[in-house]
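Each remark here refers to the structure printed beneath this line.
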Amino acid sequence: MLGIFKWFKSGTKMKRWMFVILVGIILLCYGIATIMNMQDLSVLKLIMIVFVSIVGFMMVVIGIIYSQKRVLEMLVEDTDERMEKKKEKEDVNVNSLIFDKKVYKEGPKIVVIGGGTGLNTVLKGLKDYTNNLTAIASMTDYGDGQTETNSFMPLEDVSRAIVSLSENEVEMERLLKLKFQDGIDFTNVFVSAMQQINGEGSKFIENISKVLNMTGKILPVTLDKMRICAELEDGTVIDEKDKIADTSMAKISRINRVFISPSNVRPAPGVIEAIEDADAIVIGPRKLIYRSYS
(Lines give C-alpha, C1' and ligand atoms only; values in the text may rest on other atoms or scores of the structure.)
Protein backbone atom coordinates (compact mmCIF):
# COMPACT_ATOMS: atom_id res chain seq x y z
CA MET A 1 0.00 0.00 0.00
CA LEU A 2 2.84 2.37 0.88
CA GLY A 3 4.41 1.71 -2.55
CA ILE A 4 1.42 3.34 -4.25
CA PHE A 5 2.17 6.68 -2.56
CA LYS A 6 5.58 6.61 -4.25
CA TRP A 7 3.78 7.33 -7.51
CA PHE A 8 2.77 10.77 -6.21
CA LYS A 9 6.31 11.85 -5.31
CA SER A 10 8.00 14.61 -7.29
CA GLY A 11 9.87 13.32 -10.31
CA THR A 12 7.94 10.09 -10.76
CA LYS A 13 6.09 11.51 -13.79
CA MET A 14 2.96 9.60 -12.82
CA LYS A 15 0.71 12.44 -11.69
CA ARG A 16 0.52 13.97 -15.18
CA TRP A 17 -0.79 10.75 -16.73
CA MET A 18 -3.26 10.19 -13.89
CA PHE A 19 -4.54 13.71 -14.54
CA VAL A 20 -4.86 12.97 -18.27
CA ILE A 21 -6.85 9.80 -17.50
CA LEU A 22 -9.09 11.68 -15.06
CA VAL A 23 -9.85 14.47 -17.56
CA GLY A 24 -10.50 11.87 -20.25
CA ILE A 25 -12.98 10.02 -18.05
CA ILE A 26 -14.77 13.26 -17.22
CA LEU A 27 -15.09 14.22 -20.90
CA LEU A 28 -16.21 10.73 -21.85
CA CYS A 29 -18.82 10.61 -19.07
CA TYR A 30 -20.01 14.13 -19.97
CA GLY A 31 -20.56 13.12 -23.59
CA ILE A 32 -22.43 9.91 -22.69
CA ALA A 33 -24.58 11.63 -20.04
CA THR A 34 -25.46 14.50 -22.38
CA ILE A 35 -26.63 12.14 -25.10
CA MET A 36 -28.69 10.09 -22.66
CA ASN A 37 -30.39 13.08 -20.97
CA MET A 38 -31.06 15.43 -23.89
CA GLN A 39 -34.24 14.73 -25.81
CA ASP A 40 -33.72 17.16 -28.65
CA LEU A 41 -30.24 17.17 -30.20
CA SER A 42 -29.27 19.29 -33.16
CA VAL A 43 -26.69 18.04 -35.63
CA LEU A 44 -24.17 20.62 -34.41
CA LYS A 45 -24.61 19.65 -30.75
CA LEU A 46 -24.39 15.96 -31.64
CA ILE A 47 -21.11 16.53 -33.50
CA MET A 48 -19.68 18.48 -30.56
CA ILE A 49 -20.69 15.82 -28.05
CA VAL A 50 -19.23 13.03 -30.22
CA PHE A 51 -16.03 15.03 -30.61
CA VAL A 52 -15.78 15.59 -26.84
CA SER A 53 -16.40 11.87 -26.24
CA ILE A 54 -13.72 10.87 -28.73
CA VAL A 55 -11.22 13.29 -27.17
CA GLY A 56 -12.04 11.91 -23.73
CA PHE A 57 -11.61 8.32 -24.93
CA MET A 58 -8.26 9.11 -26.56
CA MET A 59 -7.03 10.84 -23.41
CA VAL A 60 -7.92 7.77 -21.35
CA VAL A 61 -6.09 5.45 -23.77
CA ILE A 62 -3.00 7.67 -23.99
CA GLY A 63 -2.94 8.13 -20.22
CA ILE A 64 -3.13 4.38 -19.61
CA ILE A 65 -0.40 3.61 -22.14
CA TYR A 66 2.08 6.15 -20.81
CA SER A 67 1.28 5.45 -17.16
CA GLN A 68 1.97 1.75 -17.73
CA LYS A 69 5.20 2.63 -19.50
CA ARG A 70 6.21 4.79 -16.57
CA VAL A 71 5.34 2.00 -14.11
CA LEU A 72 7.62 -0.33 -16.06
CA GLU A 73 10.40 2.26 -15.96
CA MET A 74 10.03 2.60 -12.19
CA LEU A 75 10.13 -1.18 -11.74
CA VAL A 76 13.28 -1.40 -13.85
CA GLU A 77 14.87 1.44 -11.90
CA ASP A 78 14.24 -0.34 -8.61
CA THR A 79 15.30 -3.83 -9.72
CA ASP A 80 17.98 -3.37 -12.38
CA GLU A 81 21.50 -3.50 -10.91
CA ARG A 82 22.77 -1.19 -13.63
CA MET A 83 20.77 1.65 -12.06
CA GLU A 84 23.29 1.78 -9.21
CA LYS A 85 25.83 3.13 -11.67
CA LYS A 86 23.52 5.78 -13.09
CA LYS A 87 23.65 9.16 -11.39
CA GLU A 88 20.55 10.71 -12.89
CA LYS A 89 17.56 8.36 -12.82
CA GLU A 90 15.27 10.91 -14.42
CA ASP A 91 17.11 10.39 -17.71
CA VAL A 92 16.38 6.67 -17.76
CA ASN A 93 14.80 5.31 -20.94
CA VAL A 94 13.02 2.00 -20.47
CA ASN A 95 13.92 0.95 -24.01
CA SER A 96 17.62 1.52 -23.41
CA LEU A 97 17.44 -0.52 -20.23
CA ILE A 98 15.48 -3.44 -21.58
CA PHE A 99 17.16 -3.67 -24.98
CA ASP A 100 20.60 -2.50 -23.95
CA LYS A 101 23.17 -4.99 -25.28
CA LYS A 102 24.57 -5.30 -21.78
CA VAL A 103 21.59 -7.51 -21.01
CA TYR A 104 22.92 -10.04 -23.48
CA LYS A 105 26.04 -10.47 -21.36
CA GLU A 106 23.84 -12.39 -18.97
CA GLY A 107 22.89 -14.80 -21.77
CA PRO A 108 24.25 -18.32 -22.26
CA LYS A 109 27.90 -18.84 -23.10
CA ILE A 110 28.03 -20.32 -26.58
CA VAL A 111 31.12 -21.44 -28.47
CA VAL A 112 30.86 -21.80 -32.24
CA ILE A 113 33.50 -23.89 -33.98
CA GLY A 114 33.87 -24.01 -37.73
CA GLY A 115 34.62 -21.99 -40.80
CA GLY A 116 33.32 -20.93 -44.16
CA THR A 117 29.70 -19.97 -44.58
CA GLY A 118 28.65 -22.34 -41.80
CA LEU A 119 30.40 -20.33 -39.11
CA ASN A 120 29.14 -16.87 -40.07
CA THR A 121 25.57 -18.09 -40.65
CA VAL A 122 25.37 -19.50 -37.11
CA LEU A 123 26.96 -16.38 -35.60
CA LYS A 124 24.51 -14.04 -37.33
CA GLY A 125 21.59 -15.87 -35.73
CA LEU A 126 23.04 -16.31 -32.24
CA LYS A 127 24.26 -12.74 -31.73
CA ASP A 128 20.64 -11.57 -31.35
CA TYR A 129 20.21 -13.73 -28.24
CA THR A 130 23.46 -13.52 -26.30
CA ASN A 131 26.62 -11.47 -26.10
CA ASN A 132 28.61 -14.39 -24.67
CA LEU A 133 29.64 -15.68 -28.07
CA THR A 134 33.05 -17.12 -28.85
CA ALA A 135 33.82 -17.87 -32.48
CA ILE A 136 36.70 -20.31 -32.92
CA ALA A 137 37.91 -19.79 -36.48
CA SER A 138 40.84 -21.13 -38.46
CA MET A 139 43.95 -19.10 -39.25
CA THR A 140 45.76 -21.64 -41.38
CA ASP A 141 45.52 -22.59 -45.04
CA TYR A 142 45.49 -26.32 -44.12
CA GLY A 143 48.00 -26.97 -46.90
CA ASP A 144 46.27 -25.07 -49.69
CA GLY A 145 49.56 -23.52 -50.66
CA GLN A 146 47.89 -20.13 -51.04
CA THR A 147 50.06 -18.26 -48.56
CA GLU A 148 53.49 -19.52 -49.59
CA THR A 149 54.20 -16.30 -51.49
CA ASN A 150 52.17 -14.12 -49.16
CA SER A 151 53.65 -12.73 -45.96
CA PHE A 152 50.21 -12.35 -44.41
CA MET A 153 48.40 -15.10 -42.54
CA PRO A 154 45.16 -16.56 -43.95
CA LEU A 155 42.30 -14.54 -42.45
CA GLU A 156 39.28 -15.54 -44.55
CA ASP A 157 37.38 -17.27 -41.72
CA VAL A 158 38.35 -14.58 -39.20
CA SER A 159 37.07 -11.86 -41.56
CA ARG A 160 33.76 -13.67 -42.00
CA ALA A 161 33.39 -13.96 -38.23
CA ILE A 162 34.16 -10.24 -37.76
CA VAL A 163 31.46 -9.31 -40.28
CA SER A 164 28.92 -11.67 -38.70
CA LEU A 165 29.48 -10.31 -35.20
CA SER A 166 29.43 -6.64 -36.24
CA GLU A 167 26.45 -4.40 -35.61
CA ASN A 168 26.58 -3.04 -39.15
CA GLU A 169 27.47 -6.08 -41.24
CA VAL A 170 27.26 -4.33 -44.62
CA GLU A 171 29.67 -1.50 -43.76
CA MET A 172 32.07 -3.85 -41.97
CA GLU A 173 32.18 -6.18 -44.98
CA ARG A 174 32.91 -3.25 -47.28
CA LEU A 175 35.73 -2.14 -44.99
CA LEU A 176 37.36 -5.56 -44.72
CA LYS A 177 37.18 -6.11 -48.47
CA LEU A 178 38.86 -2.79 -49.20
CA LYS A 179 42.03 -3.08 -51.25
CA PHE A 180 44.65 -0.39 -51.62
CA GLN A 181 46.24 0.57 -54.93
CA ASP A 182 49.16 -1.82 -54.40
CA GLY A 183 46.72 -4.74 -53.98
CA ILE A 184 47.14 -5.12 -50.22
CA ASP A 185 43.96 -5.89 -48.30
CA PHE A 186 42.90 -3.62 -45.46
CA THR A 187 42.20 -6.73 -43.35
CA ASN A 188 45.80 -7.90 -43.60
CA VAL A 189 47.16 -4.46 -42.71
CA PHE A 190 44.78 -4.03 -39.78
CA VAL A 191 45.40 -7.50 -38.33
CA SER A 192 49.15 -7.18 -38.76
CA ALA A 193 49.07 -3.83 -36.94
CA MET A 194 47.04 -5.37 -34.11
CA GLN A 195 49.53 -8.22 -33.91
CA GLN A 196 52.45 -5.83 -33.64
CA ILE A 197 50.71 -3.84 -30.90
CA ASN A 198 49.62 -6.86 -28.86
CA GLY A 199 52.52 -9.18 -29.56
CA GLU A 200 52.50 -12.85 -30.51
CA GLY A 201 49.73 -15.25 -29.55
CA SER A 202 45.97 -15.01 -29.98
CA LYS A 203 45.51 -11.94 -27.78
CA PHE A 204 45.50 -9.61 -30.77
CA ILE A 205 42.54 -11.47 -32.32
CA GLU A 206 40.62 -11.16 -29.07
CA ASN A 207 41.40 -7.43 -28.89
CA ILE A 208 40.07 -6.93 -32.42
CA SER A 209 36.61 -7.69 -31.01
CA LYS A 210 37.00 -4.90 -28.46
CA VAL A 211 38.39 -2.35 -30.91
CA LEU A 212 35.60 -2.97 -33.44
CA ASN A 213 32.94 -3.15 -30.68
CA MET A 214 31.70 -6.53 -31.86
CA THR A 215 29.25 -8.87 -30.20
CA GLY A 216 31.27 -11.66 -28.58
CA LYS A 217 34.87 -12.48 -29.41
CA ILE A 218 36.93 -14.44 -31.92
CA LEU A 219 39.67 -16.95 -31.16
CA PRO A 220 41.85 -18.82 -33.66
CA VAL A 221 41.76 -22.62 -33.47
CA THR A 222 45.54 -22.73 -33.48
CA LEU A 223 48.44 -20.49 -34.34
CA ASP A 224 50.54 -23.45 -35.54
CA LYS A 225 50.85 -24.25 -39.22
CA MET A 226 49.29 -27.55 -40.20
CA ARG A 227 48.08 -29.50 -43.19
CA ILE A 228 45.01 -31.61 -43.84
CA CYS A 229 46.20 -34.88 -45.33
CA ALA A 230 44.49 -37.98 -46.62
CA GLU A 231 45.51 -41.59 -47.05
CA LEU A 232 43.89 -43.53 -49.90
CA GLU A 233 43.03 -47.21 -49.82
CA ASP A 234 45.99 -47.96 -52.11
CA GLY A 235 48.37 -46.42 -49.56
CA THR A 236 48.90 -43.08 -51.32
CA VAL A 237 49.29 -40.17 -48.88
CA ILE A 238 48.19 -36.73 -50.09
CA ASP A 239 49.53 -33.81 -48.04
CA GLU A 240 47.83 -30.97 -49.96
CA LYS A 241 44.17 -30.46 -49.14
CA ASP A 242 43.18 -29.15 -52.56
CA LYS A 243 44.58 -32.22 -54.30
CA ILE A 244 42.77 -34.82 -52.18
CA ALA A 245 39.60 -35.06 -54.27
CA ASP A 246 41.32 -34.92 -57.66
CA THR A 247 43.99 -37.46 -56.70
CA SER A 248 41.40 -39.83 -55.26
CA MET A 249 39.36 -39.68 -58.47
CA ALA A 250 42.44 -40.00 -60.71
CA LYS A 251 43.64 -43.11 -58.90
CA ILE A 252 40.08 -44.43 -58.53
CA SER A 253 40.87 -45.12 -54.90
CA ARG A 254 38.68 -44.29 -51.96
CA ILE A 255 39.88 -42.22 -49.01
CA ASN A 256 40.88 -44.49 -46.13
CA ARG A 257 41.45 -41.78 -43.51
CA VAL A 258 41.87 -38.01 -43.15
CA PHE A 259 44.35 -36.58 -40.65
CA ILE A 260 46.30 -33.43 -39.81
CA SER A 261 50.04 -33.04 -39.96
CA PRO A 262 51.72 -32.52 -37.58
CA SER A 263 49.43 -34.41 -35.20
CA ASN A 264 50.56 -32.50 -32.09
CA VAL A 265 49.14 -29.08 -33.10
CA ARG A 266 48.48 -26.93 -30.04
CA PRO A 267 45.20 -25.05 -29.55
CA ALA A 268 45.50 -21.30 -29.29
CA PRO A 269 45.42 -19.76 -25.79
CA GLY A 270 41.88 -19.42 -24.48
CA VAL A 271 40.30 -22.02 -26.77
CA ILE A 272 40.23 -24.89 -24.26
CA GLU A 273 39.03 -22.55 -21.49
CA ALA A 274 36.21 -21.20 -23.68
CA ILE A 275 35.04 -24.72 -24.55
CA GLU A 276 35.16 -25.89 -20.93
CA ASP A 277 33.21 -22.84 -19.76
CA ALA A 278 30.57 -22.99 -22.52
CA ASP A 279 26.91 -23.70 -21.90
CA ALA A 280 26.56 -24.89 -25.50
CA ILE A 281 28.95 -25.78 -28.31
CA VAL A 282 27.86 -25.40 -31.92
CA ILE A 283 29.87 -26.96 -34.74
CA GLY A 284 29.19 -25.07 -37.96
CA PRO A 285 30.03 -26.93 -41.17
CA ARG A 286 32.18 -25.48 -43.90
CA LYS A 287 31.36 -25.91 -47.58
CA LEU A 288 30.19 -29.45 -48.23
CA ILE A 289 31.30 -30.69 -51.64
CA TYR A 290 30.10 -34.09 -52.80
CA ARG A 291 31.79 -35.88 -55.63
CA SER A 292 31.01 -39.34 -56.91
CA TYR A 293 32.71 -41.60 -59.33
CA SER A 294 31.96 -45.01 -60.77
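Residues are referred to by chain and number: the chain letter is A, B, ... according to the order shown in the C-alpha coordinates, the number counts from 1 in that chain, and ligands are numbered separately from 1 in the order shown.
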Neighbour list for stretch 244-252 of chain A as a list in words, cut-off 7 Å, only C-alpha atoms, skip fewer than 3 positions in-chain: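 Residues meeting the cut-off are Ala230, Leu232, Ile238, Glu240, Lys241, Ile255 and Tyr293 of chain A.
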Non-local contacts of A:Ile283 (10 Å; only C-alpha atoms; under 4 positions in same chain excluded) as a ChimeraX atom specification: /A:111-115,118-119,122,136
Alpha helix (DSSP H) per DSSP on the backbone: members of stretch 103-238 of chain A, as a PyMOL selection string: chain A and resi 116-126+156-165+169-176+186-198+203-211
Kindly save the residues from that selection, with N, CA and C atoms included, as a short mmCIF file (atom, residue, chain, number, x, y, z; two decimals), in the first residue's frame.
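Result file is result13.cif:
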data_model
loop_
_atom_site.label_atom_id
_atom_site.label_comp_id
_atom_site.auth_asym_id
_atom_site.auth_seq_id
_atom_site.Cartn_x
_atom_site.Cartn_y
_atom_site.Cartn_z
N GLY A 116 34.12 -21.09 -42.96
CA GLY A 116 33.32 -20.93 -44.16
C GLY A 116 31.99 -20.27 -43.88
N THR A 117 31.02 -20.57 -44.73
CA THR A 117 29.70 -19.97 -44.58
C THR A 117 28.95 -20.54 -43.38
N GLY A 118 29.32 -21.74 -42.95
CA GLY A 118 28.65 -22.34 -41.80
C GLY A 118 28.86 -21.54 -40.53
N LEU A 119 30.08 -21.08 -40.32
CA LEU A 119 30.40 -20.33 -39.11
C LEU A 119 29.66 -19.00 -39.05
N ASN A 120 29.74 -18.21 -40.13
CA ASN A 120 29.14 -16.87 -40.07
C ASN A 120 27.62 -16.93 -40.07
N THR A 121 27.02 -17.96 -40.68
CA THR A 121 25.57 -18.09 -40.65
C THR A 121 25.07 -18.34 -39.23
N VAL A 122 25.75 -19.21 -38.50
CA VAL A 122 25.37 -19.50 -37.11
C VAL A 122 25.57 -18.27 -36.24
N LEU A 123 26.67 -17.56 -36.43
CA LEU A 123 26.96 -16.38 -35.60
C LEU A 123 25.93 -15.29 -35.80
N LYS A 124 25.50 -15.08 -37.05
CA LYS A 124 24.51 -14.04 -37.33
C LYS A 124 23.22 -14.29 -36.57
N GLY A 125 22.82 -15.55 -36.44
CA GLY A 125 21.59 -15.87 -35.73
C GLY A 125 21.73 -15.78 -34.23
N LEU A 126 22.87 -16.23 -33.69
CA LEU A 126 23.04 -16.31 -32.24
C LEU A 126 23.31 -14.95 -31.60
N GLU A 156 40.61 -15.50 -43.93
CA GLU A 156 39.28 -15.54 -44.55
C GLU A 156 38.20 -15.85 -43.52
N ASP A 157 38.40 -16.89 -42.71
CA ASP A 157 37.38 -17.27 -41.72
C ASP A 157 37.26 -16.22 -40.62
N VAL A 158 38.38 -15.63 -40.22
CA VAL A 158 38.35 -14.58 -39.20
C VAL A 158 37.58 -13.38 -39.72
N SER A 159 37.79 -13.01 -40.97
CA SER A 159 37.07 -11.86 -41.56
C SER A 159 35.58 -12.12 -41.60
N ARG A 160 35.19 -13.34 -41.97
CA ARG A 160 33.76 -13.67 -42.00
C ARG A 160 33.16 -13.55 -40.60
N ALA A 161 33.89 -14.03 -39.60
CA ALA A 161 33.39 -13.96 -38.23
C ALA A 161 33.26 -12.51 -37.76
N ILE A 162 34.21 -11.66 -38.13
CA ILE A 162 34.16 -10.24 -37.76
C ILE A 162 32.91 -9.59 -38.35
N VAL A 163 32.65 -9.88 -39.62
CA VAL A 163 31.46 -9.31 -40.28
C VAL A 163 30.19 -9.80 -39.60
N SER A 164 30.13 -11.09 -39.30
CA SER A 164 28.92 -11.67 -38.70
C SER A 164 28.62 -11.12 -37.32
N LEU A 165 29.66 -10.79 -36.57
CA LEU A 165 29.48 -10.31 -35.20
C LEU A 165 29.40 -8.79 -35.11
N GLU A 169 26.77 -5.06 -40.47
CA GLU A 169 27.47 -6.08 -41.24
C GLU A 169 27.87 -5.58 -42.63
N VAL A 170 27.00 -4.79 -43.26
CA VAL A 170 27.26 -4.33 -44.62
C VAL A 170 28.49 -3.43 -44.67
N GLU A 171 28.54 -2.44 -43.77
CA GLU A 171 29.67 -1.50 -43.76
C GLU A 171 30.96 -2.20 -43.35
N MET A 172 30.87 -3.13 -42.40
CA MET A 172 32.07 -3.85 -41.97
C MET A 172 32.61 -4.72 -43.10
N GLU A 173 31.73 -5.35 -43.85
CA GLU A 173 32.18 -6.18 -44.98
C GLU A 173 32.86 -5.33 -46.04
N ARG A 174 32.29 -4.15 -46.31
CA ARG A 174 32.91 -3.25 -47.28
C ARG A 174 34.31 -2.82 -46.82
N LEU A 175 34.45 -2.57 -45.52
CA LEU A 175 35.73 -2.14 -44.99
C LEU A 175 36.77 -3.25 -45.09
N LEU A 176 36.40 -4.46 -44.72
CA LEU A 176 37.36 -5.56 -44.72
C LEU A 176 37.73 -6.02 -46.12
N PHE A 186 42.98 -4.34 -46.73
CA PHE A 186 42.90 -3.62 -45.46
C PHE A 186 42.91 -4.59 -44.28
N THR A 187 42.26 -5.75 -44.44
CA THR A 187 42.20 -6.73 -43.35
C THR A 187 43.59 -7.16 -42.94
N ASN A 188 44.45 -7.46 -43.92
CA ASN A 188 45.80 -7.90 -43.60
C ASN A 188 46.59 -6.81 -42.88
N VAL A 189 46.44 -5.58 -43.34
CA VAL A 189 47.16 -4.46 -42.71
C VAL A 189 46.67 -4.25 -41.29
N PHE A 190 45.36 -4.26 -41.11
CA PHE A 190 44.78 -4.03 -39.78
C PHE A 190 45.18 -5.12 -38.79
N VAL A 191 45.06 -6.37 -39.22
CA VAL A 191 45.40 -7.50 -38.33
C VAL A 191 46.88 -7.51 -38.02
N SER A 192 47.70 -7.22 -39.01
CA SER A 192 49.15 -7.18 -38.76
C SER A 192 49.51 -6.08 -37.78
N ALA A 193 48.83 -4.92 -37.89
CA ALA A 193 49.07 -3.83 -36.94
C ALA A 193 48.64 -4.23 -35.54
N MET A 194 47.49 -4.91 -35.42
CA MET A 194 47.04 -5.37 -34.11
C MET A 194 48.00 -6.39 -33.52
N GLN A 195 48.57 -7.22 -34.38
CA GLN A 195 49.53 -8.22 -33.91
C GLN A 195 50.81 -7.56 -33.40
N GLN A 196 51.25 -6.52 -34.08
CA GLN A 196 52.45 -5.83 -33.64
C GLN A 196 52.21 -5.11 -32.31
N ILE A 197 51.03 -4.56 -32.14
CA ILE A 197 50.71 -3.84 -30.90
C ILE A 197 50.58 -4.80 -29.72
N ASN A 198 49.93 -5.93 -29.96
CA ASN A 198 49.62 -6.86 -28.86
C ASN A 198 50.60 -8.00 -28.71
N LYS A 203 46.08 -13.09 -28.48
CA LYS A 203 45.51 -11.94 -27.78
C LYS A 203 45.09 -10.85 -28.75
N PHE A 204 45.83 -10.69 -29.84
CA PHE A 204 45.50 -9.61 -30.77
C PHE A 204 44.17 -9.88 -31.47
N ILE A 205 43.83 -11.15 -31.71
CA ILE A 205 42.54 -11.47 -32.32
C ILE A 205 41.42 -11.14 -31.35
N GLU A 206 41.63 -11.45 -30.09
CA GLU A 206 40.62 -11.16 -29.07
C GLU A 206 40.42 -9.66 -28.92
N ASN A 207 41.50 -8.89 -29.03
CA ASN A 207 41.40 -7.43 -28.89
C ASN A 207 40.75 -6.78 -30.11
N ILE A 208 40.76 -7.46 -31.24
CA ILE A 208 40.07 -6.93 -32.42
C ILE A 208 38.58 -6.78 -32.11
N SER A 209 38.03 -7.74 -31.38
CA SER A 209 36.61 -7.69 -31.01
C SER A 209 36.31 -6.44 -30.20
N LYS A 210 37.22 -6.07 -29.31
CA LYS A 210 37.00 -4.90 -28.46
C LYS A 210 37.15 -3.60 -29.27
N VAL A 211 38.15 -3.57 -30.13
CA VAL A 211 38.39 -2.35 -30.91
C VAL A 211 37.23 -2.08 -31.86
#
A:Asn264 surroundings by only C-alpha atoms, 12 Å radius, close-in-sequence under 6 positions cut, as a list in words: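 Near neighbours after the sequence-gap exclusion: Thr222, Asp224, Lys225, Met226 and Arg227 of chain A.
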Backbone DSSP call of strand (DSSP E or B) for stretch 148-289 of chain A, listed as an NGL selection string: :A and (179 or 185 or 217-220 or 227-232 or 237-238 or 255-261 or 280-284)
Got time to write the residues from that selection, N, CA and C atoms, as a PDB file, in the first residue's frame?
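Here's the written file again-v7.pdb:
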ATOM      1  N   LYS A 179      40.668  -2.828 -50.791  1.00  0.00           N
ATOM      2  CA  LYS A 179      42.029  -3.075 -51.250  1.00  0.00           C
ATOM      3  C   LYS A 179      42.674  -1.755 -51.669  1.00  0.00           C
ATOM      4  N   ASP A 185      45.268  -5.954 -48.944  1.00  0.00           N
ATOM      5  CA  ASP A 185      43.960  -5.890 -48.299  1.00  0.00           C
ATOM      6  C   ASP A 185      44.033  -5.093 -47.004  1.00  0.00           C
ATOM      7  N   LYS A 217      33.438 -12.556 -29.104  1.00  0.00           N
ATOM      8  CA  LYS A 217      34.865 -12.484 -29.409  1.00  0.00           C
ATOM      9  C   LYS A 217      35.245 -13.612 -30.364  1.00  0.00           C
ATOM     10  N   ILE A 218      36.431 -13.465 -30.956  1.00  0.00           N
ATOM     11  CA  ILE A 218      36.934 -14.445 -31.915  1.00  0.00           C
ATOM     12  C   ILE A 218      38.266 -14.990 -31.417  1.00  0.00           C
ATOM     13  N   LEU A 219      38.411 -16.298 -31.508  1.00  0.00           N
ATOM     14  CA  LEU A 219      39.669 -16.950 -31.163  1.00  0.00           C
ATOM     15  C   LEU A 219      40.094 -17.839 -32.326  1.00  0.00           C
ATOM     16  N   PRO A 220      41.386 -17.882 -32.635  1.00  0.00           N
ATOM     17  CA  PRO A 220      41.847 -18.821 -33.665  1.00  0.00           C
ATOM     18  C   PRO A 220      41.910 -20.234 -33.093  1.00  0.00           C
ATOM     19  N   ARG A 227      48.645 -29.085 -41.924  1.00  0.00           N
ATOM     20  CA  ARG A 227      48.083 -29.499 -43.195  1.00  0.00           C
ATOM     21  C   ARG A 227      46.998 -30.546 -42.965  1.00  0.00           C
ATOM     22  N   ILE A 228      46.004 -30.541 -43.828  1.00  0.00           N
ATOM     23  CA  ILE A 228      45.011 -31.609 -43.844  1.00  0.00           C
ATOM     24  C   ILE A 228      45.463 -32.622 -44.886  1.00  0.00           C
ATOM     25  N   CYS A 229      45.690 -33.834 -44.444  1.00  0.00           N
ATOM     26  CA  CYS A 229      46.203 -34.878 -45.326  1.00  0.00           C
ATOM     27  C   CYS A 229      45.190 -36.016 -45.428  1.00  0.00           C
ATOM     28  N   ALA A 230      45.381 -36.835 -46.415  1.00  0.00           N
ATOM     29  CA  ALA A 230      44.488 -37.980 -46.620  1.00  0.00           C
ATOM     30  C   ALA A 230      45.309 -39.176 -47.076  1.00  0.00           C
ATOM     31  N   GLU A 231      44.898 -40.341 -46.622  1.00  0.00           N
ATOM     32  CA  GLU A 231      45.510 -41.594 -47.052  1.00  0.00           C
ATOM     33  C   GLU A 231      44.471 -42.392 -47.832  1.00  0.00           C
ATOM     34  N   LEU A 232      44.805 -42.773 -49.062  1.00  0.00           N
ATOM     35  CA  LEU A 232      43.888 -43.530 -49.897  1.00  0.00           C
ATOM     36  C   LEU A 232      43.996 -45.025 -49.587  1.00  0.00           C
ATOM     37  N   VAL A 237      49.513 -41.235 -49.859  1.00  0.00           N
ATOM     38  CA  VAL A 237      49.292 -40.169 -48.880  1.00  0.00           C
ATOM     39  C   VAL A 237      49.340 -38.828 -49.600  1.00  0.00           C
ATOM     40  N   ILE A 238      48.298 -38.050 -49.460  1.00  0.00           N
ATOM     41  CA  ILE A 238      48.194 -36.734 -50.092  1.00  0.00           C
ATOM     42  C   ILE A 238      48.310 -35.685 -48.997  1.00  0.00           C
ATOM     43  N   ILE A 255      39.119 -42.786 -50.129  1.00  0.00           N
ATOM     44  CA  ILE A 255      39.884 -42.223 -49.009  1.00  0.00           C
ATOM     45  C   ILE A 255      39.756 -43.142 -47.806  1.00  0.00           C
ATOM     46  N   ASN A 256      40.875 -43.586 -47.287  1.00  0.00           N
ATOM     47  CA  ASN A 256      40.875 -44.491 -46.131  1.00  0.00           C
ATOM     48  C   ASN A 256      40.772 -43.715 -44.826  1.00  0.00           C
ATOM     49  N   ARG A 257      41.504 -42.603 -44.723  1.00  0.00           N
ATOM     50  CA  ARG A 257      41.448 -41.777 -43.510  1.00  0.00           C
ATOM     51  C   ARG A 257      41.917 -40.370 -43.842  1.00  0.00           C
ATOM     52  N   VAL A 258      41.458 -39.403 -43.042  1.00  0.00           N
ATOM     53  CA  VAL A 258      41.870 -38.009 -43.152  1.00  0.00           C
ATOM     54  C   VAL A 258      42.517 -37.619 -41.829  1.00  0.00           C
ATOM     55  N   PHE A 259      43.639 -36.938 -41.876  1.00  0.00           N
ATOM     56  CA  PHE A 259      44.350 -36.581 -40.650  1.00  0.00           C
ATOM     57  C   PHE A 259      45.069 -35.255 -40.844  1.00  0.00           C
ATOM     58  N   ILE A 260      45.546 -34.679 -39.751  1.00  0.00           N
ATOM     59  CA  ILE A 260      46.298 -33.429 -39.808  1.00  0.00           C
ATOM     60  C   ILE A 260      47.765 -33.711 -39.552  1.00  0.00           C
ATOM     61  N   SER A 261      48.602 -32.902 -40.136  1.00  0.00           N
ATOM     62  CA  SER A 261      50.037 -33.044 -39.960  1.00  0.00           C
ATOM     63  C   SER A 261      50.652 -31.671 -39.687  1.00  0.00           C
ATOM     64  N   ALA A 280      26.906 -24.155 -24.278  1.00  0.00           N
ATOM     65  CA  ALA A 280      26.565 -24.891 -25.502  1.00  0.00           C
ATOM     66  C   ALA A 280      27.698 -24.735 -26.500  1.00  0.00           C
ATOM     67  N   ILE A 281      27.926 -25.790 -27.272  1.00  0.00           N
ATOM     68  CA  ILE A 281      28.953 -25.781 -28.314  1.00  0.00           C
ATOM     69  C   ILE A 281      28.283 -26.106 -29.637  1.00  0.00           C
ATOM     70  N   VAL A 282      28.461 -25.212 -30.601  1.00  0.00           N
ATOM     71  CA  VAL A 282      27.857 -25.397 -31.920  1.00  0.00           C
ATOM     72  C   VAL A 282      28.976 -25.597 -32.929  1.00  0.00           C
ATOM     73  N   ILE A 283      28.886 -26.683 -33.691  1.00  0.00           N
ATOM     74  CA  ILE A 283      29.874 -26.955 -34.736  1.00  0.00           C
ATOM     75  C   ILE A 283      29.248 -26.598 -36.068  1.00  0.00           C
ATOM     76  N   GLY A 284      29.736 -25.521 -36.685  1.00  0.00           N
ATOM     77  CA  GLY A 284      29.186 -25.073 -37.960  1.00  0.00           C
ATOM     78  C   GLY A 284      29.973 -25.672 -39.104  1.00  0.00           C
TER      79      GLY A 284
END
8 Å contact set for A:Leu28, only C-alpha atoms, chain neighbours under 6 positions out, as a list of chain:residue names: A:Val52, A:Ser53, A:Ile54, A:Val55, A:Gly56, A:Phe57
